[in-house]
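Student: Got final_28.pdb for you, PDB, C-alpha atoms:
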ATOM      1  CA  MET A   1       4.229  19.509  15.429
ATOM      2  CA  PRO A   2       5.091  15.841  14.747
ATOM      3  CA  VAL A   3       8.346  15.277  12.876
ATOM      4  CA  ALA A   4       7.991  11.546  12.173
ATOM      5  CA  VAL A   5       5.482   8.703  11.999
ATOM      6  CA  LEU A   6       5.884   5.420  13.911
ATOM      7  CA  ASN A   7       4.208   2.158  12.958
ATOM      8  CA  VAL A   8       2.726   0.848  16.219
ATOM      9  CA  ARG A   9       0.451  -2.160  16.646
ATOM     10  CA  PRO A  10      -1.698  -1.295  19.679
ATOM     11  CA  ALA A  11      -3.475  -4.672  19.626
ATOM     12  CA  ARG A  12      -0.105  -6.350  20.326
ATOM     13  CA  GLN A  13       1.245  -3.795  22.814
ATOM     14  CA  LYS A  14       0.831  -4.071  26.579
ATOM     15  CA  SER A  15       1.358  -0.327  26.708
ATOM     16  CA  LEU A  16       2.516   2.488  24.460
ATOM     17  CA  ASP A  17       5.319   3.541  26.798
ATOM     18  CA  ARG A  18       7.890   1.391  25.010
ATOM     19  CA  VAL A  19       7.745   0.228  21.389
ATOM     20  CA  ARG A  20       9.994  -2.332  19.699
ATOM     21  CA  MET A  21      10.829  -2.126  16.003
ATOM     22  CA  ASP A  22      13.612  -2.930  13.541
ATOM     23  CA  ASN A  23      16.544  -0.526  13.635
ATOM     24  CA  ARG A  24      17.010   0.133   9.922
ATOM     25  CA  ASN A  25      16.094   3.779  10.497
ATOM     26  CA  ARG A  26      18.001   4.101  13.764
ATOM     27  CA  GLU A  27      19.478   7.490  12.917
ATOM     28  CA  LEU A  28      16.062   8.990  12.214
ATOM     29  CA  ALA A  29      14.828   7.624  15.545
ATOM     30  CA  LEU A  30      17.805   9.078  17.414
ATOM     31  CA  SER A  31      17.449  12.472  15.758
ATOM     32  CA  SER A  32      13.744  12.529  16.709
ATOM     33  CA  ILE A  33      14.406  12.240  20.458
ATOM     34  CA  GLY A  34      12.661  15.057  22.273
ATOM     35  CA  GLU A  35      10.220  15.596  19.417
ATOM     36  CA  ARG A  36       6.548  14.773  19.021
ATOM     37  CA  VAL A  37       5.758  11.860  16.698
ATOM     38  CA  LEU A  38       2.566  10.551  15.101
ATOM     39  CA  LEU A  39       1.518   6.935  15.765
ATOM     40  CA  TYR A  40       0.071   4.850  12.920
ATOM     41  CA  ALA A  41      -1.557   1.413  13.204
ATOM     42  CA  PRO A  42      -0.812  -0.588  10.018
ATOM     43  CA  ARG A  43      -3.574  -2.072   7.893
ATOM     44  CA  ASP A  44      -3.195  -5.546   9.435
ATOM     45  CA  GLU A  45      -4.449  -4.125  12.756
ATOM     46  CA  PRO A  46      -8.175  -4.532  13.624
ATOM     47  CA  ARG A  47      -8.398  -0.734  13.829
ATOM     48  CA  HIS A  48      -5.886   0.840  11.473
ATOM     49  CA  GLY A  49      -4.873   4.407  10.791
ATOM     50  CA  TYR A  50      -3.386   7.321  12.698
ATOM     51  CA  PHE A  51      -4.431   7.056  16.334
ATOM     52  CA  ALA A  52      -2.176   9.116  18.660
ATOM     53  CA  THR A  53       0.745  11.461  19.094
ATOM     54  CA  ALA A  54       3.556  11.085  21.636
ATOM     55  CA  VAL A  55       6.948  12.477  22.572
ATOM     56  CA  LEU A  56       9.913  10.225  21.752
ATOM     57  CA  THR A  57      12.177  10.331  24.815
ATOM     58  CA  ASP A  58      14.752   7.581  24.279
ATOM     59  CA  VAL A  59      16.094   5.052  21.775
ATOM     60  CA  ALA A  60      18.042   1.957  22.852
ATOM     61  CA  PRO A  61      19.247  -1.216  21.115
ATOM     62  CA  ASP A  62      17.568  -4.557  21.734
ATOM     63  CA  MET A  63      20.534  -6.488  23.089
ATOM     64  CA  THR A  64      18.829  -9.855  22.621
ATOM     65  CA  GLN A  65      18.219  -9.337  18.891
ATOM     66  CA  ARG A  66      20.572  -6.728  17.510
ATOM     67  CA  ARG A  67      18.446  -5.830  14.481
ATOM     68  CA  PHE A  68      15.753  -4.351  16.720
ATOM     69  CA  MET A  69      15.533  -1.302  18.955
ATOM     70  CA  PHE A  70      13.277   0.038  21.698
ATOM     71  CA  LEU A  71      11.680   3.475  21.538
ATOM     72  CA  THR A  72      10.437   5.060  24.764
ATOM     73  CA  LEU A  73       7.385   7.293  24.461
ATOM     74  CA  SER A  74       5.822   9.769  26.874
ATOM     75  CA  ASN A  75       2.914  12.232  26.827
ATOM     76  CA  VAL A  76       0.877   9.861  24.663
ATOM     77  CA  GLU A  77      -2.258  11.643  23.418
ATOM     78  CA  ARG A  78      -4.747   9.155  21.938
ATOM     79  CA  PHE A  79      -7.244  10.326  19.358
ATOM     80  CA  ALA A  80     -10.933   9.768  19.998
ATOM     81  CA  ARG A  81     -10.871   7.430  16.982
ATOM     82  CA  CYS A  82      -8.430   5.907  14.519
ATOM     83  CA  VAL A  83      -8.211   7.851  11.266
ATOM     84  CA  PRO A  84      -7.609   5.527   8.283
ATOM     85  CA  LEU A  85      -5.984   6.801   5.121
ATOM     86  CA  GLU A  86      -9.309   6.736   3.302
ATOM     87  CA  ALA A  87     -10.797   9.246   5.782
ATOM     88  CA  LEU A  88      -8.062  11.851   5.398
ATOM     89  CA  LYS A  89      -9.127  15.137   3.879
ATOM     90  CA  VAL A  90      -5.502  16.248   3.510
ATOM     91  CA  PRO A  91      -2.630  13.731   3.098
ATOM     92  CA  VAL A  92      -0.410  13.493   6.163
ATOM     93  CA  GLU A  93       2.386  11.666   4.337
ATOM     94  CA  SER A  94       2.321  13.149   0.852
ATOM     95  CA  ARG A  95       5.169  10.961  -0.406
ATOM     96  CA  ALA A  96       2.890   7.910  -0.038
ATOM     97  CA  TYR A  97       0.718   9.059  -2.938
ATOM     98  CA  ARG A  98       1.366   8.446  -6.618
ATOM     99  CA  SER A  99       0.895  11.119  -9.252
ATOM    100  CA  ASP A 100      -2.612   9.777 -10.019
ATOM    101  CA  GLY A 101      -3.624  10.143  -6.359
ATOM    102  CA  SER A 102      -3.553   6.435  -5.504
ATOM    103  CA  VAL A 103      -1.777   5.236  -2.379
ATOM    104  CA  ASP A 104       1.534   3.379  -2.577
ATOM    105  CA  PHE A 105       1.138   1.135   0.469
ATOM    106  CA  SER A 106       4.761  -0.034   0.271
ATOM    107  CA  TYR A 107       5.706   3.447   1.526
ATOM    108  CA  PHE A 108       4.291   2.524   4.939
ATOM    109  CA  SER A 109       6.547  -0.516   5.447
ATOM    110  CA  PRO A 110       9.393   1.322   7.297
ATOM    111  CA  ASN A 111       8.506   1.405  10.980
ATOM    112  CA  ILE A 112       9.613   5.016  11.364
ATOM    113  CA  ARG A 113       9.252   7.624   8.621
ATOM    114  CA  ALA A 114      10.224  11.283   8.538
ATOM    115  CA  LEU A 115       7.476  13.806   7.928
ATOM    116  CA  LEU A 116       8.216  16.447   5.341
ATOM    117  CA  PRO A 117       8.075  19.996   6.759
ATOM    118  CA  ALA A 118       5.191  20.645   4.363
ATOM    119  CA  ASP A 119       3.266  17.691   5.875
ATOM    120  CA  GLN A 120       3.744  18.641   9.526
ATOM    121  CA  PRO A 121       0.875  21.195   9.677
ATOM    122  CA  ALA A 122      -1.477  18.553   8.256
ATOM    123  CA  SER A 123      -0.439  16.116  10.989
ATOM    124  CA  ARG A 124      -1.176  18.666  13.686
ATOM    125  CA  LEU A 125      -4.538  19.494  12.126
ATOM    126  CA  LEU A 126      -5.328  15.782  12.061
ATOM    127  CA  ALA A 127      -4.599  15.496  15.786
ATOM    128  CA  ALA A 128      -6.714  18.540  16.628
ATOM    129  CA  GLN A 129      -9.700  17.432  14.533
ATOM    130  CA  SER A 130      -9.544  13.856  15.856
ATOM    131  CA  ASN A 131     -10.172  15.049  19.392
ATOM    132  CA  GLU A 132     -13.900  15.399  18.670
ATOM    133  CA  ALA A 133     -15.738  12.260  17.633
ATOM    134  CA  GLY A 134     -18.744  10.260  18.650
ATOM    135  CA  GLY A 135     -20.171  13.131  20.683
ATOM    136  CA  LEU A 136     -17.060  13.384  22.864
ATOM    137  CA  ALA A 137     -15.791  16.917  23.219
ATOM    138  CA  MET A 138     -12.138  16.463  24.078
ATOM    139  CA  PRO A 139      -9.761  19.381  24.631
ATOM    140  CA  ALA A 140      -7.484  20.277  21.768
ATOM    141  CA  LEU A 141      -3.896  19.125  22.038
ATOM    142  CA  PRO A 142      -1.643  21.708  23.667
ATOM    143  CA  GLU A 143       1.024  23.214  21.475
ATOM    144  CA  PHE A 144       4.201  21.175  21.848
ATOM    145  CA  THR A 145       7.369  23.202  21.923
ATOM    146  CA  SER A 146       9.988  21.293  19.974
ATOM    147  CA  MET A 147      13.454  21.271  21.412
ATOM    148  CA  THR A 148      14.784  22.349  18.026
ATOM    149  CA  VAL A 149      12.803  25.564  17.962
ATOM    150  CA  ALA A 150      15.151  28.543  18.162
ATOM    151  CA  THR A 151      14.074  29.669  21.621
ATOM    152  CA  GLY A 152      17.582  30.285  22.883
ATOM    153  CA  PRO A 153      21.007  28.664  23.003
ATOM    154  CA  PHE A 154      20.222  26.765  26.218
ATOM    155  CA  LEU A 155      17.406  24.705  24.662
ATOM    156  CA  ARG A 156      19.416  24.048  21.510
ATOM    157  CA  LYS A 157      22.327  22.898  23.665
ATOM    158  CA  SER A 158      20.004  20.640  25.675
ATOM    159  CA  LYS A 159      18.816  18.973  22.479
ATOM    160  CA  GLU A 160      22.409  18.423  21.356
ATOM    161  CA  ILE A 161      23.323  16.850  24.701
ATOM    162  CA  ILE A 162      20.321  14.506  24.655
ATOM    163  CA  LEU A 163      21.136  13.274  21.145
ATOM    164  CA  ARG A 164      24.834  12.928  21.918
ATOM    165  CA  ASN A 165      24.133  10.899  25.065
ATOM    166  CA  ALA A 166      21.711   8.592  23.262
ATOM    167  CA  ARG A 167      24.169   7.889  20.435
ATOM    168  CA  LEU A 168      27.056   7.225  22.830
ATOM    169  CA  ARG A 169      24.949   4.935  25.024
ATOM    170  CA  TRP A 170      24.019   2.928  21.909
ATOM    171  CA  LEU A 171      27.700   2.502  20.973
ATOM    172  CA  VAL A 172      28.721   1.556  24.521
ATOM    173  CA  LEU A 173      26.017  -1.089  24.858
ATOM    174  CA  GLN A 174      26.905  -2.567  21.470
ATOM    175  CA  ALA A 175      30.621  -2.722  22.344
ATOM    176  CA  TYR A 176      30.450  -3.877  25.981
ATOM    177  CA  GLY A 177      27.043  -5.424  26.486
ATOM    178  CA  THR A 178      24.720  -4.566  29.348
ATOM    179  CA  ALA A 179      26.753  -5.669  32.386
ATOM    180  CA  CYS A 180      28.830  -3.334  34.555
ATOM    181  CA  ALA A 181      32.397  -3.512  33.246
ATOM    182  CA  VAL A 182      33.743  -3.250  36.800
ATOM    183  CA  CYS A 183      31.690  -5.679  38.926
ATOM    184  CA  GLY A 184      30.020  -7.741  36.196
ATOM    185  CA  ASP A 185      26.457  -7.319  37.470
ATOM    186  CA  ASP A 186      23.832  -7.184  34.728
ATOM    187  CA  ASN A 187      20.730  -5.539  36.139
ATOM    188  CA  SER A 188      18.614  -5.517  33.004
ATOM    189  CA  LEU A 189      15.092  -6.171  31.842
ATOM    190  CA  HIS A 190      16.037  -7.331  28.369
ATOM    191  CA  GLU A 191      12.434  -7.953  27.335
ATOM    192  CA  ILE A 192      11.766  -4.194  27.397
ATOM    193  CA  GLY A 193      15.293  -2.943  26.656
ATOM    194  CA  ALA A 194      15.853  -1.419  30.124
ATOM    195  CA  HIS A 195      19.381  -1.521  31.573
ATOM    196  CA  GLU A 196      20.719  -0.117  34.836
ATOM    197  CA  VAL A 197      24.241   0.550  33.550
ATOM    198  CA  GLU A 198      25.226   4.134  32.906
ATOM    199  CA  VAL A 199      27.819   5.553  30.530
ATOM    200  CA  CYS A 200      30.858   6.450  32.625
ATOM    201  CA  HIS A 201      33.401   8.795  31.040
ATOM    202  CA  MET A 202      36.983   7.778  31.803
ATOM    203  CA  ARG A 203      37.986  11.422  31.630
ATOM    204  CA  ALA A 204      35.013  13.539  32.620
ATOM    205  CA  LEU A 205      33.562  15.983  30.113
ATOM    206  CA  GLU A 206      34.169  18.880  32.500
ATOM    207  CA  HIS A 207      37.857  17.925  32.449
ATOM    208  CA  GLY A 208      38.039  18.045  28.666
ATOM    209  CA  GLY A 209      37.239  14.428  27.952
ATOM    210  CA  PRO A 210      35.597  13.652  24.583
ATOM    211  CA  ASP A 211      32.116  12.174  24.249
ATOM    212  CA  GLU A 212      33.217   9.092  22.318
ATOM    213  CA  LEU A 213      33.458   5.334  22.743
ATOM    214  CA  THR A 214      37.175   5.296  23.629
ATOM    215  CA  ASN A 215      36.426   7.526  26.614
ATOM    216  CA  ALA A 216      33.438   5.569  27.879
ATOM    217  CA  MET A 217      32.543   2.387  29.719
ATOM    218  CA  PRO A 218      29.304   0.945  31.123
ATOM    219  CA  MET A 219      29.162   0.924  34.917
ATOM    220  CA  CYS A 220      26.430   0.300  37.425
ATOM    221  CA  ARG A 221      25.359   3.391  39.331
ATOM    222  CA  THR A 222      27.365   2.458  42.418
ATOM    223  CA  HIS A 223      30.696   1.995  40.683
ATOM    224  CA  HIS A 224      30.118   4.952  38.371
ATOM    225  CA  TRP A 225      29.700   7.094  41.500
ATOM    226  CA  PHE A 226      32.883   5.704  43.113
ATOM    227  CA  TYR A 227      34.922   6.111  39.903
ATOM    228  CA  ASP A 228      33.883   9.736  39.417
ATOM    229  CA  ARG A 229      35.003  10.500  42.975
ATOM    230  CA  GLY A 230      38.346   8.730  42.699
ATOM    231  CA  ALA A 231      37.703   5.803  45.039
ATOM    232  CA  PHE A 232      39.226   3.523  42.418
ATOM    233  CA  THR A 233      40.925   3.921  39.070
ATOM    234  CA  LEU A 234      42.077   1.789  36.149
ATOM    235  CA  ALA A 235      45.474   0.880  34.746
ATOM    236  CA  ASP A 236      45.938   1.200  31.003
ATOM    237  CA  ALA A 237      45.102  -2.486  30.518
ATOM    238  CA  GLY A 238      42.083  -2.297  32.812
ATOM    239  CA  GLY A 239      43.622  -3.337  36.128
ATOM    240  CA  LEU A 240      41.587  -2.167  39.135
ATOM    241  CA  ILE A 241      43.420   0.077  41.598
ATOM    242  CA  LEU A 242      41.645   0.850  44.871
ATOM    243  CA  SER A 243      42.254   4.047  46.789
ATOM    244  CA  SER A 244      43.461   3.892  50.369
ATOM    245  CA  MET A 245      40.298   5.890  51.125
ATOM    246  CA  ALA A 246      37.995   3.313  49.537
ATOM    247  CA  PRO A 247      35.265   2.298  51.990
ATOM    248  CA  GLU A 248      34.958  -1.259  53.205
ATOM    249  CA  SER A 249      31.805  -1.744  51.126
ATOM    250  CA  LEU A 250      33.685  -1.026  47.882
ATOM    251  CA  CYS A 251      36.565  -3.299  48.912
ATOM    252  CA  ARG A 252      34.083  -6.124  49.497
ATOM    253  CA  GLN A 253      32.365  -5.544  46.152
ATOM    254  CA  LEU A 254      35.611  -5.707  44.200
ATOM    255  CA  LYS A 255      37.328  -8.411  46.245
ATOM    256  CA  GLY A 256      38.854 -10.971  43.899
ATOM    257  CA  ARG A 257      38.317  -8.812  40.809
ATOM    258  CA  ARG A 258      41.611  -7.809  39.231
ATOM    259  CA  SER A 259      40.519  -5.867  36.194
ATOM    260  CA  ALA A 260      37.611  -4.241  34.430
ATOM    261  CA  ARG A 261      36.209  -5.932  31.357
ATOM    262  CA  PHE A 262      37.240  -4.327  28.067
ATOM    263  CA  PRO A 263      35.522  -5.023  24.699
ATOM    264  CA  ASN A 264      36.785  -7.743  22.377
ATOM    265  CA  ALA A 265      37.599  -5.103  19.756
ATOM    266  CA  VAL A 266      40.853  -3.457  20.837
ATOM    267  CA  GLN A 267      40.010  -0.285  18.916
ATOM    268  CA  ALA A 268      37.070   0.243  21.308
ATOM    269  CA  TRP A 269      39.237   0.076  24.454
ATOM    270  CA  PRO A 270      39.530   3.222  26.600
ATOM    271  CA  ARG A 271      42.441   5.349  25.430
ATOM    272  CA  ALA A 272      45.458   5.315  27.729
ATOM    273  CA  GLU A 273      45.656   9.115  28.018
ATOM    274  CA  HIS A 274      42.120   9.302  29.429
ATOM    275  CA  LEU A 275      42.868   6.647  32.047
ATOM    276  CA  GLN A 276      46.153   8.371  32.907
ATOM    277  CA  PHE A 277      44.349  11.680  33.448
ATOM    278  CA  HIS A 278      41.983  10.016  35.910
ATOM    279  CA  ARG A 279      44.885   8.423  37.813
ATOM    280  CA  GLU A 280      46.779  11.695  38.054
ATOM    281  CA  PHE A 281      44.020  14.221  38.732
ATOM    282  CA  VAL A 282      40.965  12.380  40.121
ATOM    283  CA  PHE A 283      42.167   9.221  41.889
ATOM    284  CA  LEU A 284      42.448   9.728  45.656
ATOM    285  CA  GLY A 285      45.589   7.626  45.927
TER     286      GLY A 285
END
Take the structure in the file and give it back as structure tokens.

Tutor:
Amino acid sequence: MPVAVLNVRPARQKSLDRVRMDNRNRELALSSIGERVLLYAPRDEPRHGYFATAVLTDVAPDMTQRRFMFLTLSNVERFARCVPLEALKVPVESRAYRSDGSVDFSYFSPNIRALLPADQPASRLLAAQSNEAGGLAMPALPEFTSMTVATGPFLRKSKEIILRNARLRWLVLQAYGTACAVCGDDNSLHEIGAHEVEVCHMRALEHGGPDELTNAMPMCRTHHWFYDRGAFTLADAGGLILSSMAPESLCRQLKGRRSARFPNAVQAWPRAEHLQFHREFVFLG
């Protein structure tokens, strides 16, 4: 069942795969990753009301305007028609209604809103009923298994890992930017919030490294791969140290580059003990 409602303006969207909104409720968005959400077209849209459900798969900062974020959606299930507030038989967002039954439209201003547990069945019923309209007999929405449902420790752990990775990636992008800290290449599509860089752990998680900013750095896929396999390492101040086993291609890529780029804020720099561990136990020498 949906756990949150997103304000989406379909008339202004090229697609529903990626939605941009302000990041005031960033934490709610991050905690909703892996969950189904309900899509709502605000009243300034030509066709307004609840119009689809989707699965929220990722949340990333808009690096061109820091007060915005991008939400990635998948498994979008459009209703046969938009359902405006006036057509609801049962309120989907009960907190939007005053004690006299009138609607407080200011409640709908946040672009992402949590659904109360008591409202979630109503949202699912809305989706199911909206699949038949105008003579179109559409199949009912399949039951979506939330990743938070207690179906075993593996699924709960998977949810924790997804949320942890999303939060760390947000912090790394905010601290370093979107370019590889090793080679400087910025392979990004900023207009849609898509960035090639990956979060590289200075001391790998399987070696006891923490999942935090001071053990992370953005690297392109190529240099992330080489770092994890010890083809190069970093001095405490970021100096690049190539292994004698480094292939010619890596030597060419890093020719003339003396150090990796650290953030301006010293407190966000990789901790020396994590870099030392990599030099002692991973670096090929």

Student: Selection in question (the file shown): the PyMOL selection byres ((chain A and resi 36) around 8). Which residues does it include, as a ChimeraX atom specification?

Tutor: /A:1-4,32,34-35,37-38,53-56,144,146

Student: Store the residues of this selection in a file with C-alpha atoms, as an mmCIF file, in the frame of the given file.

Tutor:
data_model
loop_
_atom_site.group_PDB
_atom_site.id
_atom_site.type_symbol
_atom_site.label_atom_id
_atom_site.label_comp_id
_atom_site.auth_asym_id
_atom_site.auth_seq_id
_atom_site.Cartn_x
_atom_site.Cartn_y
_atom_site.Cartn_z
ATOM 1 C CA MET A 1 4.229 19.509 15.429
ATOM 2 C CA PRO A 2 5.091 15.841 14.747
ATOM 3 C CA VAL A 3 8.346 15.277 12.876
ATOM 4 C CA ALA A 4 7.991 11.546 12.173
ATOM 5 C CA SER A 32 13.744 12.529 16.709
ATOM 6 C CA GLY A 34 12.661 15.057 22.273
ATOM 7 C CA GLU A 35 10.220 15.596 19.417
ATOM 8 C CA VAL A 37 5.758 11.860 16.698
ATOM 9 C CA LEU A 38 2.566 10.551 15.101
ATOM 10 C CA THR A 53 0.745 11.461 19.094
ATOM 11 C CA ALA A 54 3.556 11.085 21.636
ATOM 12 C CA VAL A 55 6.948 12.477 22.572
ATOM 13 C CA LEU A 56 9.913 10.225 21.752
ATOM 14 C CA PHE A 144 4.201 21.175 21.848
ATOM 15 C CA SER A 146 9.988 21.293 19.974
#

Student: Spell out the residues picked by the PyMOL selection byres ((chain A and resi 78) around 9) here, as a list in words.

Tutor: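 Taken on the displayed file, the PyMOL selection byres ((chain A and resi 78) around 9) yields the residues Phe51, Ala52, Thr53, Ala54, Val76, Glu77, Phe79, Ala80, Arg81, Cys82, Ala127 and Asn131 of chain A.
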
Student: Go ahead and save the picked residues with C-alpha atoms, as a PDB file, in the coordinates of the input.

Tutor:
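Heads up, here's the output in selection-v8.pdb:
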ATOM      1  CA  PHE A  51      -4.431   7.056  16.334  1.00  0.00           C
ATOM      2  CA  ALA A  52      -2.176   9.116  18.660  1.00  0.00           C
ATOM      3  CA  THR A  53       0.745  11.461  19.094  1.00  0.00           C
ATOM      4  CA  ALA A  54       3.556  11.085  21.636  1.00  0.00           C
ATOM      5  CA  VAL A  76       0.877   9.861  24.663  1.00  0.00           C
ATOM      6  CA  GLU A  77      -2.258  11.643  23.418  1.00  0.00           C
ATOM      7  CA  PHE A  79      -7.244  10.326  19.358  1.00  0.00           C
ATOM      8  CA  ALA A  80     -10.933   9.768  19.998  1.00  0.00           C
ATOM      9  CA  ARG A  81     -10.871   7.430  16.982  1.00  0.00           C
ATOM     10  CA  CYS A  82      -8.430   5.907  14.519  1.00  0.00           C
ATOM     11  CA  ALA A 127      -4.599  15.496  15.786  1.00  0.00           C
ATOM     12  CA  ASN A 131     -10.172  15.049  19.392  1.00  0.00           C
TER      13      ASN A 131
END

Student: Do you have the CA of Ala179 in chain A-CA of Asn165 in chain A distance handy?

Tutor: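 We find that CA of Ala179 in chain A and CA of Asn165 in chain A lie 18.3 Å from each other.
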
Student: Return as an MDAnalysis selection string the set of residues that the PyMOL selection byres ((chain A and resi 94) around 9) yields on the displayed structure.

Tutor: chainID A and resid 90:93 95:98 115:116 118:119

Student: Need to verify the contact set: Asn215 in chain A, 7 Å, all atoms listed in the file, exclusion of same-chain residues closer than 6 positions in sequence. Can you return it as a PDB file with C-alpha atoms, in the frame of the given file?

Tutor:
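selection20.pdb written:
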ATOM      1  CA  HIS A 201      33.401   8.795  31.040  1.00  0.00           C
ATOM      2  CA  MET A 202      36.983   7.778  31.803  1.00  0.00           C
ATOM      3  CA  ARG A 203      37.986  11.422  31.630  1.00  0.00           C
ATOM      4  CA  PRO A 270      39.530   3.222  26.600  1.00  0.00           C
ATOM      5  CA  ARG A 271      42.441   5.349  25.430  1.00  0.00           C
ATOM      6  CA  HIS A 274      42.120   9.302  29.429  1.00  0.00           C
TER       7      HIS A 274
END

Student: Can you tell me which residues surround Asp236 in chain A at a distance of at most 9 Å, considering all atoms listed in the file, apart from same-chain residues fewer than 3 positions away, and format the answer as a PyMOL selection string?

Tutor: chain A and resi 239+270-273+275-276

Student: Emit the selected residues as a JSON list (two decimals), keeping the file's coordinate frame, including C-alpha atoms.

Tutor:
[["chain", "number", "residue", "atom", "x", "y", "z"],
["A", 239, "GLY", "CA", 43.62, -3.34, 36.13],
["A", 270, "PRO", "CA", 39.53, 3.22, 26.60],
["A", 271, "ARG", "CA", 42.44, 5.35, 25.43],
["A", 272, "ALA", "CA", 45.46, 5.32, 27.73],
["A", 273, "GLU", "CA", 45.66, 9.12, 28.02],
["A", 275, "LEU", "CA", 42.87, 6.65, 32.05],
["A", 276, "GLN", "CA", 46.15, 8.37, 32.91]]
